[in-house]
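Visitor: TSV, N, CA and C atoms, saved as structure07.tsv, coming up:
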```tsv
chain	number	residue	atom	x	y	z
A	1	MET	N	282.28	124.19	252.88
A	1	MET	CA	282.54	122.77	252.88
A	1	MET	C	282.08	122.19	254.22
A	2	GLU	N	281.22	121.22	254.14
A	2	GLU	CA	280.68	120.57	255.34
A	2	GLU	C	281.23	119.16	255.48
A	3	GLU	N	281.05	118.57	256.66
A	3	GLU	CA	281.56	117.23	256.91
A	3	GLU	C	281.00	116.22	255.91
A	4	HIS	N	279.72	116.33	255.57
A	4	HIS	CA	279.15	115.35	254.63
A	4	HIS	C	279.79	115.45	253.25
A	5	ASP	N	280.23	116.66	252.86
A	5	ASP	CA	280.94	116.82	251.58
A	5	ASP	C	282.27	116.08	251.62
A	6	VAL	N	282.98	116.24	252.73
A	6	VAL	CA	284.28	115.60	252.89
A	6	VAL	C	284.11	114.09	252.92
A	7	ARG	N	283.13	113.59	253.67
A	7	ARG	CA	282.87	112.14	253.74
A	7	ARG	C	282.56	111.59	252.35
A	8	GLU	N	281.73	112.30	251.60
A	8	GLU	CA	281.36	111.85	250.26
A	8	GLU	C	282.60	111.72	249.36
A	9	ARG	N	283.48	112.71	249.39
A	9	ARG	CA	284.68	112.69	248.54
A	9	ARG	C	285.67	111.63	249.04
A	10	ALA	N	285.82	111.48	250.35
A	10	ALA	CA	286.73	110.48	250.90
A	10	ALA	C	286.23	109.07	250.57
A	11	GLU	N	284.92	108.85	250.66
A	11	GLU	CA	284.36	107.55	250.31
A	11	GLU	C	284.52	107.27	248.81
A	12	ALA	N	284.38	108.31	247.97
A	12	ALA	CA	284.59	108.14	246.53
A	12	ALA	C	286.05	107.76	246.25
A	13	LEU	N	286.98	108.35	247.00
A	13	LEU	CA	288.39	107.99	246.87
A	13	LEU	C	288.59	106.51	247.21
A	14	CYS	N	287.97	106.05	248.30
A	14	CYS	CA	288.08	104.65	248.71
A	14	CYS	C	287.54	103.71	247.63
A	15	VAL	N	286.37	104.02	247.09
A	15	VAL	CA	285.76	103.19	246.05
A	15	VAL	C	286.68	103.12	244.83
A	16	ALA	N	287.24	104.26	244.43
A	16	ALA	CA	288.12	104.30	243.27
A	16	ALA	C	289.40	103.49	243.51
A	17	LEU	N	289.96	103.56	244.72
A	17	LEU	CA	291.17	102.79	245.02
A	17	LEU	C	290.91	101.29	244.94
A	18	VAL	N	289.78	100.84	245.47
A	18	VAL	CA	289.45	99.41	245.42
A	18	VAL	C	289.20	98.98	243.98
A	19	ALA	N	288.61	99.86	243.18
A	19	ALA	CA	288.35	99.57	241.77
A	19	ALA	C	289.63	99.63	240.93
A	20	GLY	N	290.71	100.18	241.50
A	20	GLY	CA	291.96	100.30	240.76
A	20	GLY	C	291.96	101.46	239.78
A	21	ASP	N	291.05	102.40	239.96
A	21	ASP	CA	290.92	103.55	239.06
A	21	ASP	C	291.69	104.74	239.63
A	22	ILE	N	292.98	104.80	239.33
A	22	ILE	CA	293.84	105.85	239.89
A	22	ILE	C	293.42	107.23	239.39
A	23	GLY	N	292.99	107.34	238.15
A	23	GLY	CA	292.52	108.61	237.62
A	23	GLY	C	291.37	109.18	238.43
A	24	ARG	N	290.41	108.33	238.74
A	24	ARG	CA	289.26	108.77	239.54
A	24	ARG	C	289.68	109.00	240.99
A	25	ALA	N	290.60	108.17	241.49
A	25	ALA	CA	291.05	108.31	242.88
A	25	ALA	C	291.75	109.64	243.11
A	26	THR	N	292.41	110.16	242.09
A	26	THR	CA	293.20	111.38	242.26
A	26	THR	C	292.47	112.64	241.81
A	27	GLU	N	291.23	112.54	241.41
A	27	GLU	CA	290.54	113.72	240.87
A	27	GLU	C	290.34	114.83	241.89
A	28	ASP	N	290.34	114.51	243.19
A	28	ASP	CA	290.20	115.54	244.22
A	28	ASP	C	291.53	115.97	244.82
A	29	PHE	N	292.64	115.48	244.27
A	29	PHE	CA	293.96	115.85	244.76
A	29	PHE	C	294.26	117.30	244.40
A	30	SER	N	294.95	117.99	245.29
A	30	SER	CA	295.40	119.35	245.02
A	30	SER	C	296.44	119.32	243.90
A	31	LYS	N	296.70	120.49	243.34
A	31	LYS	CA	297.72	120.63	242.30
A	31	LYS	C	299.07	120.13	242.83
A	32	GLU	N	299.38	120.47	244.08
A	32	GLU	CA	300.65	120.08	244.68
A	32	GLU	C	300.76	118.56	244.82
A	33	LEU	N	299.68	117.90	245.23
A	33	LEU	CA	299.72	116.44	245.34
A	33	LEU	C	299.86	115.80	243.97
A	34	ARG	N	299.19	116.34	242.98
A	34	ARG	CA	299.30	115.81	241.62
A	34	ARG	C	300.74	115.93	241.09
A	35	GLU	N	301.42	117.00	241.48
A	35	GLU	CA	302.80	117.19	241.05
A	35	GLU	C	303.75	116.17	241.68
A	36	HIS	N	303.33	115.58	242.79
A	36	HIS	CA	304.13	114.57	243.49
A	36	HIS	C	303.35	113.26	243.59
A	37	LEU	N	302.67	112.91	242.50
A	37	LEU	CA	301.76	111.76	242.51
A	37	LEU	C	302.46	110.46	242.88
A	38	GLY	N	303.67	110.25	242.39
A	38	GLY	CA	304.39	109.02	242.71
A	38	GLY	C	304.60	108.85	244.20
A	39	GLU	N	304.95	109.95	244.87
A	39	GLU	CA	305.16	109.90	246.32
A	39	GLU	C	303.87	109.58	247.05
A	40	VAL	N	302.77	110.16	246.59
A	40	VAL	CA	301.47	109.92	247.23
A	40	VAL	C	301.05	108.47	247.03
A	41	LEU	N	301.16	107.98	245.79
A	41	LEU	CA	300.75	106.61	245.50
A	41	LEU	C	301.61	105.60	246.25
A	42	ALA	N	302.87	105.95	246.53
A	42	ALA	CA	303.75	105.05	247.28
A	42	ALA	C	303.26	104.83	248.71
A	43	LEU	N	302.44	105.74	249.23
A	43	LEU	CA	301.88	105.59	250.57
A	43	LEU	C	300.79	104.53	250.62
A	44	LEU	N	300.22	104.21	249.47
A	44	LEU	CA	299.03	103.38	249.41
A	44	LEU	C	299.36	101.94	249.02
A	45	PRO	N	298.69	100.97	249.67
A	45	PRO	CA	298.88	99.59	249.25
A	45	PRO	C	298.04	99.33	248.00
A	46	LEU	N	298.71	99.23	246.87
A	46	LEU	CA	298.00	99.01	245.61
A	46	LEU	C	298.39	97.66	245.03
A	47	PRO	N	297.45	96.86	244.57
A	47	PRO	CA	296.02	97.15	244.60
A	47	PRO	C	295.46	97.02	246.02
A	48	SER	N	294.39	97.75	246.29
A	48	SER	CA	293.72	97.68	247.59
A	48	SER	C	292.48	96.81	247.46
A	49	SER	N	292.32	95.90	248.41
A	49	SER	CA	291.14	95.05	248.40
A	49	SER	C	290.01	95.63	249.25
A	50	GLU	N	290.39	96.57	250.12
A	50	GLU	CA	289.41	97.19	251.01
A	50	GLU	C	289.89	98.59	251.36
A	51	ALA	N	288.96	99.54	251.39
A	51	ALA	CA	289.30	100.91	251.77
A	51	ALA	C	288.09	101.52	252.47
A	52	THR	N	288.32	102.06	253.67
A	52	THR	CA	287.21	102.62	254.44
A	52	THR	C	287.63	103.93	255.10
A	53	VAL	N	286.64	104.76	255.37
A	53	VAL	CA	286.85	105.98	256.13
A	53	VAL	C	286.74	105.61	257.61
A	54	GLU	N	287.85	105.74	258.34
A	54	GLU	CA	287.86	105.39	259.76
A	54	GLU	C	287.35	106.52	260.63
A	55	SER	N	287.72	107.76	260.30
A	55	SER	CA	287.29	108.90	261.12
A	55	SER	C	287.38	110.19	260.31
A	56	ILE	N	286.56	111.16	260.73
A	56	ILE	CA	286.60	112.50	260.17
A	56	ILE	C	286.54	113.48	261.33
A	57	ASP	N	287.52	114.37	261.38
A	57	ASP	CA	287.57	115.38	262.44
A	57	ASP	C	287.80	116.74	261.82
A	58	ARG	N	287.09	117.73	262.34
A	58	ARG	CA	287.32	119.09	261.88
A	58	ARG	C	288.65	119.56	262.43
A	59	GLY	N	289.53	119.99	261.56
A	59	GLY	CA	290.85	120.46	261.96
A	59	GLY	C	290.77	121.92	262.35
A	60	GLY	N	291.90	122.48	262.70
A	60	GLY	CA	291.95	123.90	263.01
A	60	GLY	C	291.60	124.70	261.75
A	61	GLY	N	290.74	125.65	261.88
A	61	GLY	CA	290.36	126.45	260.72
A	61	GLY	C	289.26	125.79	259.91
A	62	SER	N	289.42	125.82	258.60
A	62	SER	CA	288.34	125.39	257.71
A	62	SER	C	288.51	123.97	257.19
A	63	GLY	N	289.54	123.26	257.60
A	63	GLY	CA	289.82	121.95	257.03
A	63	GLY	C	289.31	120.80	257.87
A	64	TYR	N	289.43	119.60	257.29
A	64	TYR	CA	289.05	118.36	257.96
A	64	TYR	C	290.20	117.38	257.85
A	65	THR	N	290.36	116.55	258.88
A	65	THR	CA	291.33	115.46	258.86
A	65	THR	C	290.54	114.16	258.76
A	66	VAL	N	290.89	113.36	257.77
A	66	VAL	CA	290.20	112.09	257.53
A	66	VAL	C	291.23	110.97	257.59
A	67	VAL	N	290.94	109.94	258.38
A	67	VAL	CA	291.81	108.77	258.43
A	67	VAL	C	291.17	107.67	257.57
A	68	LEU	N	291.95	107.17	256.61
A	68	LEU	CA	291.51	106.10	255.73
A	68	LEU	C	292.23	104.82	256.12
A	69	ARG	N	291.50	103.71	256.10
A	69	ARG	CA	292.08	102.38	256.33
A	69	ARG	C	292.10	101.66	255.00
A	70	LEU	N	293.30	101.31	254.55
A	70	LEU	CA	293.47	100.66	253.25
A	70	LEU	C	294.11	99.30	253.45
A	71	VAL	N	293.55	98.28	252.81
A	71	VAL	CA	294.06	96.92	252.93
A	71	VAL	C	294.53	96.45	251.56
A	72	GLY	N	295.80	96.07	251.50
A	72	GLY	CA	296.36	95.52	250.27
A	72	GLY	C	296.65	94.04	250.46
A	73	GLU	N	297.34	93.46	249.47
A	73	GLU	CA	297.66	92.04	249.54
A	73	GLU	C	298.53	91.68	250.73
A	74	THR	N	299.49	92.54	251.03
A	74	THR	CA	300.48	92.19	252.05
A	74	THR	C	300.49	93.13	253.25
A	75	GLU	N	299.68	94.20	253.22
A	75	GLU	CA	299.73	95.15	254.32
A	75	GLU	C	298.40	95.88	254.50
A	76	GLU	N	298.24	96.38	255.71
A	76	GLU	CA	297.12	97.25	256.05
A	76	GLU	C	297.71	98.58	256.48
A	77	VAL	N	297.17	99.68	255.93
A	77	VAL	CA	297.74	100.99	256.16
A	77	VAL	C	296.67	101.95	256.63
A	78	LEU	N	297.00	102.77	257.63
A	78	LEU	CA	296.17	103.90	258.00
A	78	LEU	C	296.84	105.14	257.45
A	79	VAL	N	296.09	105.89	256.64
A	79	VAL	CA	296.61	107.10	256.02
A	79	VAL	C	295.79	108.28	256.51
A	80	GLN	N	296.49	109.27	257.04
A	80	GLN	CA	295.82	110.50	257.48
A	80	GLN	C	295.80	111.47	256.31
A	81	THR	N	294.62	111.97	255.98
A	81	THR	CA	294.50	112.92	254.88
A	81	THR	C	293.92	114.23	255.41
A	82	ARG	N	294.31	115.33	254.77
A	82	ARG	CA	293.76	116.65	255.12
A	82	ARG	C	293.04	117.19	253.91
A	83	TRP	N	291.83	117.69	254.17
A	83	TRP	CA	290.96	118.20	253.10
A	83	TRP	C	290.61	119.65	253.40
A	84	LYS	N	290.62	120.47	252.35
A	84	LYS	CA	290.22	121.87	252.46
A	84	LYS	C	289.43	122.28	251.24
A	85	ASP	N	288.71	123.39	251.37
A	85	ASP	CA	288.00	123.96	250.24
A	85	ASP	C	289.00	124.74	249.40
A	86	ARG	N	289.12	124.37	248.14
A	86	ARG	CA	289.97	125.09	247.20
A	86	ARG	C	289.12	125.45	246.00
A	87	ASP	N	288.90	126.73	245.82
A	87	ASP	CA	288.11	127.23	244.69
A	87	ASP	C	286.73	126.58	244.62
A	88	GLY	N	286.11	126.40	245.80
A	88	GLY	CA	284.76	125.84	245.85
A	88	GLY	C	284.69	124.33	245.74
A	89	ARG	N	285.83	123.65	245.73
A	89	ARG	CA	285.87	122.18	245.63
A	89	ARG	C	286.48	121.59	246.89
A	90	THR	N	285.93	120.47	247.33
A	90	THR	CA	286.51	119.72	248.44
A	90	THR	C	287.76	119.05	247.89
A	91	THR	N	288.93	119.42	248.45
A	91	THR	CA	290.22	119.03	247.86
A	91	THR	C	291.11	118.35	248.89
A	92	LEU	N	291.71	117.24	248.50
A	92	LEU	CA	292.69	116.54	249.32
A	92	LEU	C	294.02	117.27	249.17
A	93	ILE	N	294.55	117.81	250.28
A	93	ILE	CA	295.76	118.63	250.20
A	93	ILE	C	297.00	117.97	250.81
A	94	GLU	N	296.81	116.91	251.59
A	94	GLU	CA	297.96	116.27	252.24
A	94	GLU	C	297.61	114.84	252.60
A	95	ALA	N	298.61	113.95	252.53
A	95	ALA	CA	298.43	112.56	252.93
A	95	ALA	C	299.70	112.07	253.60
A	96	SER	N	299.55	111.34	254.70
A	96	SER	CA	300.72	110.79	255.39
A	96	SER	C	300.33	109.50	256.11
A	97	HIS	N	301.33	108.62	256.29
A	97	HIS	CA	301.10	107.35	257.00
A	97	HIS	C	300.87	107.59	258.48
A	98	LEU	N	299.89	106.93	259.04
A	98	LEU	CA	299.77	106.84	260.49
A	98	LEU	C	300.38	105.52	260.95
A	99	SER	N	300.08	104.44	260.20
A	99	SER	CA	300.66	103.14	260.53
A	99	SER	C	300.62	102.24	259.31
A	100	LYS	N	301.52	101.26	259.34
A	100	LYS	CA	301.57	100.25	258.29
A	100	LYS	C	301.82	98.93	258.98
A	101	THR	N	300.98	97.95	258.71
A	101	THR	CA	301.10	96.65	259.34
A	101	THR	C	301.19	95.58	258.27
A	102	ALA	N	302.20	94.74	258.34
A	102	ALA	CA	302.32	93.63	257.40
A	102	ALA	C	301.25	92.60	257.75
A	103	LYS	N	300.57	92.11	256.73
A	103	LYS	CA	299.58	91.06	256.94
A	103	LYS	C	300.30	89.72	257.01
A	104	ALA	N	299.79	88.81	257.83
A	104	ALA	CA	300.39	87.48	257.95
A	104	ALA	C	300.28	86.76	256.61
A	105	ALA	N	301.35	86.07	256.25
A	105	ALA	CA	301.34	85.28	255.02
A	105	ALA	C	300.32	84.17	255.17
A	106	GLN	N	299.55	83.94	254.13
A	106	GLN	CA	298.50	82.93	254.21
A	106	GLN	C	298.99	81.61	253.64
A	107	GLY	N	298.86	80.55	254.46
A	107	GLY	CA	299.13	79.20	253.99
A	107	GLY	C	300.58	78.90	253.68
A	108	GLY	N	301.53	79.51	254.35
A	108	GLY	CA	302.91	79.20	254.08
A	108	GLY	C	303.84	79.90	255.04
A	109	ASP	N	305.13	79.71	254.80
A	109	ASP	CA	306.08	80.36	255.67
A	109	ASP	C	306.79	81.50	254.95
A	110	ALA	N	306.07	82.14	254.05
A	110	ALA	CA	306.63	83.28	253.32
A	110	ALA	C	306.97	84.39	254.30
A	111	GLU	N	308.06	85.06	254.01
A	111	GLU	CA	308.48	86.15	254.88
A	111	GLU	C	307.80	87.44	254.45
A	112	GLY	N	307.34	88.19	255.44
A	112	GLY	CA	306.73	89.49	255.16
A	112	GLY	C	307.67	90.60	255.57
A	113	GLU	N	307.52	91.73	254.95
A	113	GLU	CA	308.37	92.86	255.26
A	113	GLU	C	307.49	94.06	255.57
A	114	ALA	N	307.80	94.74	256.64
A	114	ALA	CA	307.03	95.96	256.98
A	114	ALA	C	307.97	97.15	256.89
A	115	ASP	N	307.49	98.20	256.28
A	115	ASP	CA	308.26	99.44	256.17
A	115	ASP	C	307.84	100.33	257.32
A	116	GLY	N	308.68	100.47	258.31
A	116	GLY	CA	308.33	101.24	259.49
A	116	GLY	C	308.62	102.72	259.36
A	117	ALA	N	309.18	103.14	258.27
A	117	ALA	CA	309.54	104.54	258.11
A	117	ALA	C	308.31	105.40	257.90
A	118	GLY	N	308.23	106.47	258.64
A	118	GLY	CA	307.12	107.41	258.45
A	118	GLY	C	307.34	108.17	257.16
A	119	GLU	N	306.31	108.26	256.35
A	119	GLU	CA	306.42	108.95	255.08
A	119	GLU	C	305.31	109.96	254.98
A	120	GLU	N	305.58	111.04	254.25
A	120	GLU	CA	304.56	112.07	254.08
A	120	GLU	C	304.68	112.62	252.69
A	121	ALA	N	303.52	112.89	252.10
A	121	ALA	CA	303.50	113.56	250.79
A	121	ALA	C	302.61	114.79	250.92
A	122	SER	N	303.10	115.90	250.50
A	122	SER	CA	302.28	117.11	250.53
A	122	SER	C	302.69	118.05	249.45
```
Step by step, read the file and then write its structure as structure tokens.
Guide:
Amino acid sequence: MEEHDVRERAEALCVALVAGDIGRATEDFSKELREHLGEVLALLPLPSSEATVESIDRGGGSGYTVVLRLVGETEEVLVQTRWKDRDGRTTLIEASHLSKTAKAAQGGDAEGEADGAGEEAS
């Protein structure tokens, strides 16, 4: 598994999230993440209007750490993901919040709420 493989799969995840295609977004999830899909999806601002790969770093050993920036209607989230080779496939094995920022309400005095609790799904 090379960095370009990880970038390709992470970018495909971003495209699927913006398209609202959860089935396609989760196709690279590990068996363990699929078993806890609700917890993983709760980390993500859905629907997402924008999703980008912020960084890719080689982790200790054979894995990579990828930070995704996801923008929803009311919040912007940085999610740290860990990817490893599982049975010859580039696989997302862990996801956790790095930060969550409430977006300013547009055109009104609506109150926004930010969830500051660190959450992790693995």
Visitor: So that I can see what lies close to Glu54 of chain A, please list as a PyMOL selection string the residues with an atom at most 8 Å from it, counting only C-alpha atoms and leaving out residues fewer than 3 positions away in the same chain.
Guide: chain A and resi 66-69
Visitor: Around (295.9, 98.1, 250.3) in the file's own coordinates, what residues are found within 6.5 Å if you use all atoms listed in the file, given back as a list in words?
Guide: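 Applying the cut-off with all atoms listed in the file, one gets Leu44, Pro45, Leu46, Pro47, Ser48, Ser49, Glu50, Leu70, Val71, Gly72, Glu73, Glu75, Glu76 and Val77 of chain A.
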Visitor: How far is it from atom CA of Gly60 of chain A to atom C of Ser99 of chain A, in Å with one decimal?
Guide: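 It comes out at 23.6 Å.
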Visitor: From the set A:Gly59, A:Leu17, A:Thr101, A:Tyr64, which residue has the shortest atom-to-atom contact distance to Trp83 of chain A, counting all atoms listed in the file?
Guide: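 The closest residue to Trp83 of chain A is A:Tyr64.
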Visitor: What does the distance between atom N of Thr26 of chain A and atom N of Gly61 of chain A come to in Å, to one decimal place?
Guide: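 Between atom N of Thr26 of chain A and atom N of Gly61 of chain A the gap works out to 25.2 Å.
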Visitor: Could you pull out all residues of chain A with a DSSP call of helix (DSSP H, G or I) and give them as a PyMOL selection string?
Guide: chain A and resi 3-19+22-25+31-35+37-42
Visitor: Go through A:Ala12, A:Met1, A:Ala51, A:Leu37 one by one, measure the shortest atom-to-atom distance of each to Ala25 of chain A using all atoms listed in the file, and give the residue with the smallest value.
Guide: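 So, comparing all the options, the nearest one is A:Ala12.
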